[in-house]
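Report on the following structure.
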Amino acid sequence: MSLLNLGYQKNGRQVHVSHESRVYGCWLGKSIGGTLGLPAEGKMERLNFEFYDPIPVIAPSNDDLELQLVWLDLVEKGGSVLNQCDFAGAWVRHIHYMWDEYGRCRWNLRRGVPVEWVGDFENWFHAGMGSPIRSEIWACLFPDDPASAGYYAALDASIDHGTEGIAGEVFLAVMQSRVAASASLLDAAAFALAHIPSSIELAQAVKLVMKNYRQGMETWENWREILEKHGHENFTHAPLNIALTLWALLHGDGDFEKSILLAVNGGYDTDCTAATVGATLGLMLGAEEIPDRWRRPIGDDVYVGPGIRDIDAPKTLVELTSRTMQLCGKLEPKTWGDCSWRTKETSHPVFSSLRGSITIETLESHIPVLWANGELPVEVKRAGGAEWEWDVRHGDVRQVVCLARAGAKLFLDDQLILECPAGLPYVPATHRCAPESVILLTPGVGKHRVRVELAARNEDHPATILLAYPNFHIAPWTAEELPHAAIL
């Protein structure tokens with residue numbers, strides 16, 4: 001008998017749940033958890049939520065759900081098979097986010113990075129939560145087919161992530177596919193764990209959560225050990241947040257309210273963890289098991305923000321459920337052996353012809369190095385800095401980020417414009433870097449000389465220089481603009 005014909009035990013009786021109820025419960029739980037967690041996003045301590053705070057009147061737009069609406073549109077309009085180019089095309093056409101790995105993905109695609117490398121090429125956020133948060137659509141389309149769910153999740157994640165981020169989406173998609181077919185959370189997690197490389201941090205974090213839970217460790221003691229072993233200065237780090245998601249699910253004992261409150265009170269990327277917990281329990285239990293007090297404030301409407309463009313987005317969760325159900329069986333099933341995502345870090349080829357590339361010269365030794373934006377090359381770190389020409393065609397406002405673990409000074413036309421102190425949190429994001437590491441300036445039309453002096457000559461010390469527009473999208477140092485400019 002197919003697992004889809006089964007339900008789960010509740011108070012000694014068998015509860016049968018339709019796939020439609022599970023899918024609606026998934027999207028409803030996603031909306032509830034995301035709304036609950038959004039106000040606490042980025043808080044890196046134990047919290048004390050008991051309900052929505054503030055109490056909403058709608059479910060605000062959230063990338064956790066919005067990105068999956070793009071994939072819904074992609075599957076509806078495409079054929080029975082998807083490839084990396086399909087996802088890359090959707091990114092350029094429809095996704096205008098600037099945040100972290102999303103912004104780097106768009107930048108890489110606009111530069112012409114080959115699609116097989118675009119996810120982790122010069123992408124400091126390759127291990128972020130941007131892909132694990134969009135696993136549900138693959139589980140909904142492939143209930144009780146975890147191999148196919150994992151395959152499409154890996155394909156999806158490979159466009160803007162490296163191994164850890166891809167593994168995060170694979171782990172969740174496989175686990176959710178299993179719970180959508182009535183497997184227990186613990187069994188589903190153990191099954192999903194076998195689909196990711198055992199040596200990576202995410203696998204180690206998941207194993208820690210499961211081991212502590214099986215041994216009966218108290219809920220918050222388990223939380224403390226997760227943070228001790230896998231805490232990170234970037235609150236969106238996937239291994240940490242996937243561990244917190246599983247922690248909330250297991251210690252929540254299948255109770256929707258208890259679980260989503262644990263997720264948000266555990267801190268870090270709370271809108272993502274709570275949304276995934278809510279969606280997973282919705283898939284597991286069905287919409288009927290989601291309490292009305294969590295449903296009433298947000299209603300059934302779906303709101304899409306300005307970062308998503310030119311798709312036929314559903315207006316309600318009911319419509320989203322119907323359209324998801326109609327797509328079940330459209331995509332070609334896959335075996336796990338079909339999945340070809342890389343399971344270890346490899347050296348990237350040198351792409352000398354990418355748009356936006358410039359040649360910078362190391363200080364003193366004057367060695368020419370190819371670069372564009374972001375993490376500085378090792379040659380520059382060894383030399384203690386570099387200088388380059390900035391050819392400005394339009395004298396508009398620009399944002400410059402200068403962030404270095406050991407500190408740095410940034411000069412424009414030999415004038416000091418920014419001094420980054422040592423020891424700042426190293427989160428090289430245009431929209432959330434430390435204030436001491438960013439400056440807004442209007443350079444003026446013409447050619448300017450930029451120089452960065454690093455406080456330490458050490459190739460192992462992270463150091464970043466980013467040029468961005470005022471809307472936080474990465475901008476080129478070249479006179480020529482890149483195609484496919486973002487709107488948001």
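Ligands are numbered from 1 in the order shown, residues from 1 within each chain, and chains are lettered A, B, ... in the order they appear in the structure tokens.
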DSSP-assigned strand (DSSP E or B) among range 11-248 of chain A, expressed as an MDAnalysis selection string: chainID A and resid 13:15 95 128 237
Mind writing the picked residues with C-alpha atoms as a compact mmCIF listing (two decimals), in the first residue's frame?
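The new file out-v9.txt reads:
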# COMPACT_ATOMS: atom_id res chain seq x y z
CA ARG A 13 -6.66 6.35 16.55
CA GLN A 14 -5.59 6.45 12.94
CA VAL A 15 -6.07 9.85 11.27
CA ILE A 95 14.04 37.60 -9.15
CA GLY A 128 23.39 30.52 3.45
CA HIS A 237 24.41 30.26 8.12
Contacts of range 219-227 of chain A within 12 Å, only C-alpha atoms, excl. fewer than 3 positions in-chain, as a PyMOL selection string: chain A and resi 44-47+201-202+204-216+230-233+235+237+239-253+258-259+262-263+265-268
Leaving out range 173-183 of chain A and any residue of its chain fewer than 6 positions from it, which residues lie within 6 Å of it when counting only C-alpha atoms, given as a PDB file with N, CA and C atoms, in the first residue's frame?
ATOM      1  N   LEU A   3       2.246   4.800   0.912  1.00  0.00           N
ATOM      2  CA  LEU A   3       2.215   5.589   2.140  1.00  0.00           C
ATOM      3  C   LEU A   3       1.241   6.745   2.037  1.00  0.00           C
ATOM      4  N   LEU A   4       0.913   7.180   0.802  1.00  0.00           N
ATOM      5  CA  LEU A   4      -0.004   8.303   0.639  1.00  0.00           C
ATOM      6  C   LEU A   4      -1.418   7.950   1.084  1.00  0.00           C
ATOM      7  N   GLY A   7      -2.235   7.666   7.234  1.00  0.00           N
ATOM      8  CA  GLY A   7      -2.225   8.906   7.990  1.00  0.00           C
ATOM      9  C   GLY A   7      -1.257   8.795   9.139  1.00  0.00           C
ATOM     10  N   SER A 135      12.384  24.519  -0.146  1.00  0.00           N
ATOM     11  CA  SER A 135      12.352  23.070  -0.388  1.00  0.00           C
ATOM     12  C   SER A 135      10.953  22.512  -0.578  1.00  0.00           C
ATOM     13  N   ALA A 139       8.860  18.801  -2.318  1.00  0.00           N
ATOM     14  CA  ALA A 139       8.217  17.770  -1.498  1.00  0.00           C
ATOM     15  C   ALA A 139       6.741  17.639  -1.846  1.00  0.00           C
ATOM     16  N   PRO A 143       5.479  13.728  -3.221  1.00  0.00           N
ATOM     17  CA  PRO A 143       5.268  13.058  -1.937  1.00  0.00           C
ATOM     18  C   PRO A 143       5.585  11.564  -2.086  1.00  0.00           C
ATOM     19  N   ASP A 144       6.320  11.048  -1.137  1.00  0.00           N
ATOM     20  CA  ASP A 144       6.743   9.654  -1.162  1.00  0.00           C
ATOM     21  C   ASP A 144       7.641   9.339  -2.355  1.00  0.00           C
ATOM     22  N   PRO A 146      11.165  10.716  -2.447  1.00  0.00           N
ATOM     23  CA  PRO A 146      12.222  11.588  -1.932  1.00  0.00           C
ATOM     24  C   PRO A 146      13.395  11.744  -2.888  1.00  0.00           C
ATOM     25  N   ALA A 149      12.348  14.539  -5.197  1.00  0.00           N
ATOM     26  CA  ALA A 149      12.315  15.788  -4.430  1.00  0.00           C
ATOM     27  C   ALA A 149      13.729  16.296  -4.183  1.00  0.00           C
ATOM     28  N   GLY A 150      14.634  15.393  -3.800  1.00  0.00           N
ATOM     29  CA  GLY A 150      16.010  15.779  -3.555  1.00  0.00           C
ATOM     30  C   GLY A 150      16.727  16.209  -4.819  1.00  0.00           C
ATOM     31  N   ALA A 189      14.030  12.370   9.081  1.00  0.00           N
ATOM     32  CA  ALA A 189      15.304  13.078   9.194  1.00  0.00           C
ATOM     33  C   ALA A 189      16.477  12.127   8.997  1.00  0.00           C
ATOM     34  N   ALA A 192      16.738  11.386   5.330  1.00  0.00           N
ATOM     35  CA  ALA A 192      17.264  12.530   4.579  1.00  0.00           C
ATOM     36  C   ALA A 192      18.758  12.709   4.799  1.00  0.00           C
ATOM     37  N   THR A 280       6.591  22.026   7.387  1.00  0.00           N
ATOM     38  CA  THR A 280       6.841  20.596   7.572  1.00  0.00           C
ATOM     39  C   THR A 280       5.717  19.947   8.362  1.00  0.00           C
ATOM     40  N   LEU A 283       2.611  19.660   6.226  1.00  0.00           N
ATOM     41  CA  LEU A 283       2.702  18.496   5.346  1.00  0.00           C
ATOM     42  C   LEU A 283       2.465  17.199   6.107  1.00  0.00           C
ATOM     43  N   MET A 284       2.913  17.167   7.313  1.00  0.00           N
ATOM     44  CA  MET A 284       2.820  15.954   8.123  1.00  0.00           C
ATOM     45  C   MET A 284       1.400  15.709   8.650  1.00  0.00           C
TER      46      MET A 284
END
Contacts of Arg134 in chain A within 9 Å, only C-alpha atoms, excl. fewer than 4 positions in-chain, as a list in words: Asp63, Asp64, Leu65, Glu66, Leu67, Gln68, Gly130, Trp138, Ala153, Asp156, Ala157, Glu169, Ala173 and Thr276 of chain A
Pairwise distance for CA of Pro443 in chain A and CA of Ala463 in chain A, rounded to one decimal in Å: 22.7 Å
Within 10 Å of Pro54 in chain A using only C-alpha atoms, minus same-chain residues under 5 positions, as a PyMOL selection string: chain A and resi 35-36+39
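Atom pair CA of Val264 in chain A / CA of Val277 in chain A has a distance of 9.8 Å (rounded to one decimal).
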Range 122-153 of chain A: residues DSSP assigns to alpha helix (DSSP H), reported as a PyMOL selection string: chain A and resi 136-141+146-153
Go ahead and dump the residues you just picked, N, CA and C atoms, as a compact mmCIF listing (two decimals), in the first residue's frame.
# COMPACT_ATOMS: atom_id res chain seq x y z
N GLU A 136 9.95 23.21 -0.06
CA GLU A 136 8.62 22.60 0.07
C GLU A 136 7.97 22.25 -1.26
N ILE A 137 8.18 23.08 -2.27
CA ILE A 137 7.49 22.81 -3.54
C ILE A 137 7.89 21.45 -4.10
N TRP A 138 9.15 21.05 -3.89
CA TRP A 138 9.60 19.77 -4.43
C TRP A 138 9.01 18.61 -3.62
N ALA A 139 8.86 18.80 -2.32
CA ALA A 139 8.22 17.77 -1.50
C ALA A 139 6.74 17.64 -1.85
N CYS A 140 6.08 18.78 -2.09
CA CYS A 140 4.66 18.74 -2.46
C CYS A 140 4.44 18.08 -3.81
N LEU A 141 5.36 18.32 -4.76
CA LEU A 141 5.22 17.73 -6.09
C LEU A 141 5.63 16.27 -6.11
N PRO A 146 11.16 10.72 -2.45
CA PRO A 146 12.22 11.59 -1.93
C PRO A 146 13.39 11.74 -2.89
N ALA A 147 13.65 10.74 -3.73
CA ALA A 147 14.76 10.86 -4.67
C ALA A 147 14.50 12.00 -5.66
N SER A 148 13.29 12.08 -6.18
CA SER A 148 12.95 13.16 -7.11
C SER A 148 12.92 14.50 -6.40
N ALA A 149 12.35 14.54 -5.20
CA ALA A 149 12.32 15.79 -4.43
C ALA A 149 13.73 16.30 -4.18
N GLY A 150 14.63 15.39 -3.80
CA GLY A 150 16.01 15.78 -3.55
C GLY A 150 16.73 16.21 -4.82
N TYR A 151 16.45 15.53 -5.93
CA TYR A 151 17.09 15.88 -7.20
C TYR A 151 16.75 17.31 -7.60
N TYR A 152 15.46 17.65 -7.60
CA TYR A 152 15.06 18.99 -8.05
C TYR A 152 15.47 20.05 -7.03
N ALA A 153 15.50 19.69 -5.76
CA ALA A 153 15.98 20.63 -4.74
C ALA A 153 17.45 20.96 -4.98
Give me the range 332-410 of chain A side of the contact with range 466-476 of chain A, cut-off 9 Å, one line per residue showing its nearest atom pair and distance in Å at one decimal, counting only C-alpha atoms, sorted by chain and residue number, as a tab-separated table.
residue	atom	partner	partner_atom	distance
A:Arg355	CA	A:Pro476	CA	8.8
A:Gly356	CA	A:Pro476	CA	5.5
A:Ser357	CA	A:Pro476	CA	8.1
A:Ala372	CA	A:Pro476	CA	7.2
A:Asn373	CA	A:Leu466	CA	5.4
A:Gly374	CA	A:Leu466	CA	5.1
A:Glu375	CA	A:Leu466	CA	8.2
A:Asp396	CA	A:Tyr469	CA	8.7
A:Val397	CA	A:Pro470	CA	6.6
A:Arg398	CA	A:Tyr469	CA	5.0
A:Gln399	CA	A:Ala468	CA	5.0
A:Val400	CA	A:Leu467	CA	4.7
A:Val401	CA	A:Leu466	CA	4.9
A:Cys402	CA	A:Leu466	CA	6.8
A:Leu403	CA	A:Leu466	CA	8.7
Selection: 12 Å around Ser340 in chain A, only C-alpha atoms, excl. self and same-chain fewer than 2 positions, as number ranges by chain: A: 83-84, 116, 150-155, 158, 163, 166, 334-338, 342-344
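Distance annotation: of A:Arg382, A:Arg432, A:Arg451, A:Arg111, the residue with the minimal separation from Gly42 in chain A is A:Arg432; atom set is only C-alpha atoms.
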Close residues, Gly385 in chain A itself excluded, 12 Å, only C-alpha atoms, min 3 positions apart in chain, as number ranges by chain: A: 360-367, 369, 376-382, 388, 402, 404, 407-411, 450-459, 463-465
How would the residues just picked look written out with C-alpha atoms as a PDB file, in the first residue's frame?
ATOM      1  CA  ILE A 360      44.037  45.651  -9.990  1.00  0.00           C
ATOM      2  CA  GLU A 361      47.680  45.994  -8.931  1.00  0.00           C
ATOM      3  CA  THR A 362      49.052  44.772  -5.635  1.00  0.00           C
ATOM      4  CA  LEU A 363      50.769  47.375  -3.497  1.00  0.00           C
ATOM      5  CA  GLU A 364      54.577  47.648  -3.762  1.00  0.00           C
ATOM      6  CA  SER A 365      55.006  44.583  -6.004  1.00  0.00           C
ATOM      7  CA  HIS A 366      52.522  45.933  -8.604  1.00  0.00           C
ATOM      8  CA  ILE A 367      51.429  42.448  -9.668  1.00  0.00           C
ATOM      9  CA  VAL A 369      45.403  40.569 -10.660  1.00  0.00           C
ATOM     10  CA  LEU A 376      39.985  40.294  -2.391  1.00  0.00           C
ATOM     11  CA  PRO A 377      42.340  37.870  -4.183  1.00  0.00           C
ATOM     12  CA  VAL A 378      45.004  36.093  -2.124  1.00  0.00           C
ATOM     13  CA  GLU A 379      47.740  38.001  -3.972  1.00  0.00           C
ATOM     14  CA  VAL A 380      46.272  41.261  -2.670  1.00  0.00           C
ATOM     15  CA  LYS A 381      46.040  39.942   0.883  1.00  0.00           C
ATOM     16  CA  ARG A 382      49.637  38.800   0.805  1.00  0.00           C
ATOM     17  CA  TRP A 388      42.910  50.293  -9.313  1.00  0.00           C
ATOM     18  CA  CYS A 402      35.431  48.034   2.979  1.00  0.00           C
ATOM     19  CA  ALA A 404      38.504  43.293   6.698  1.00  0.00           C
ATOM     20  CA  GLY A 407      41.082  46.249   9.620  1.00  0.00           C
ATOM     21  CA  ALA A 408      41.743  48.331   6.494  1.00  0.00           C
ATOM     22  CA  LYS A 409      41.898  51.834   5.052  1.00  0.00           C
ATOM     23  CA  LEU A 410      40.266  52.902   1.809  1.00  0.00           C
ATOM     24  CA  PHE A 411      41.481  55.858  -0.248  1.00  0.00           C
ATOM     25  CA  VAL A 450      41.095  53.645  -5.525  1.00  0.00           C
ATOM     26  CA  ARG A 451      43.530  52.158  -3.008  1.00  0.00           C
ATOM     27  CA  VAL A 452      42.947  49.731  -0.165  1.00  0.00           C
ATOM     28  CA  GLU A 453      45.560  49.220   2.540  1.00  0.00           C
ATOM     29  CA  LEU A 454      45.059  46.136   4.692  1.00  0.00           C
ATOM     30  CA  ALA A 455      46.223  46.184   8.304  1.00  0.00           C
ATOM     31  CA  ALA A 456      47.610  42.644   7.968  1.00  0.00           C
ATOM     32  CA  ARG A 457      49.425  40.824   5.194  1.00  0.00           C
ATOM     33  CA  ASN A 458      47.821  37.413   5.510  1.00  0.00           C
ATOM     34  CA  GLU A 459      46.022  35.471   2.794  1.00  0.00           C
ATOM     35  CA  ALA A 463      38.857  41.059   3.340  1.00  0.00           C
ATOM     36  CA  THR A 464      36.223  42.466   1.019  1.00  0.00           C
ATOM     37  CA  ILE A 465      35.675  45.560  -1.094  1.00  0.00           C
TER      38      ILE A 465
END
Point-to-point distance in Å for CA of Val318 in chain A and CA of Ser184 in chain A: 26.2 Å
Pick from A:Lys77, A:His96, A:His431, A:Lys43, whichever lies nearest to Gly305 in chain A using only C-alpha atoms: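 Closest residue, counting only C-alpha atoms: A:His96.
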Nearest to Leu331 in chain A by atom-to-atom distance, counting only C-alpha atoms, from A:Pro421, A:Gly78, A:Pro314, A:Gly33: A:Gly78
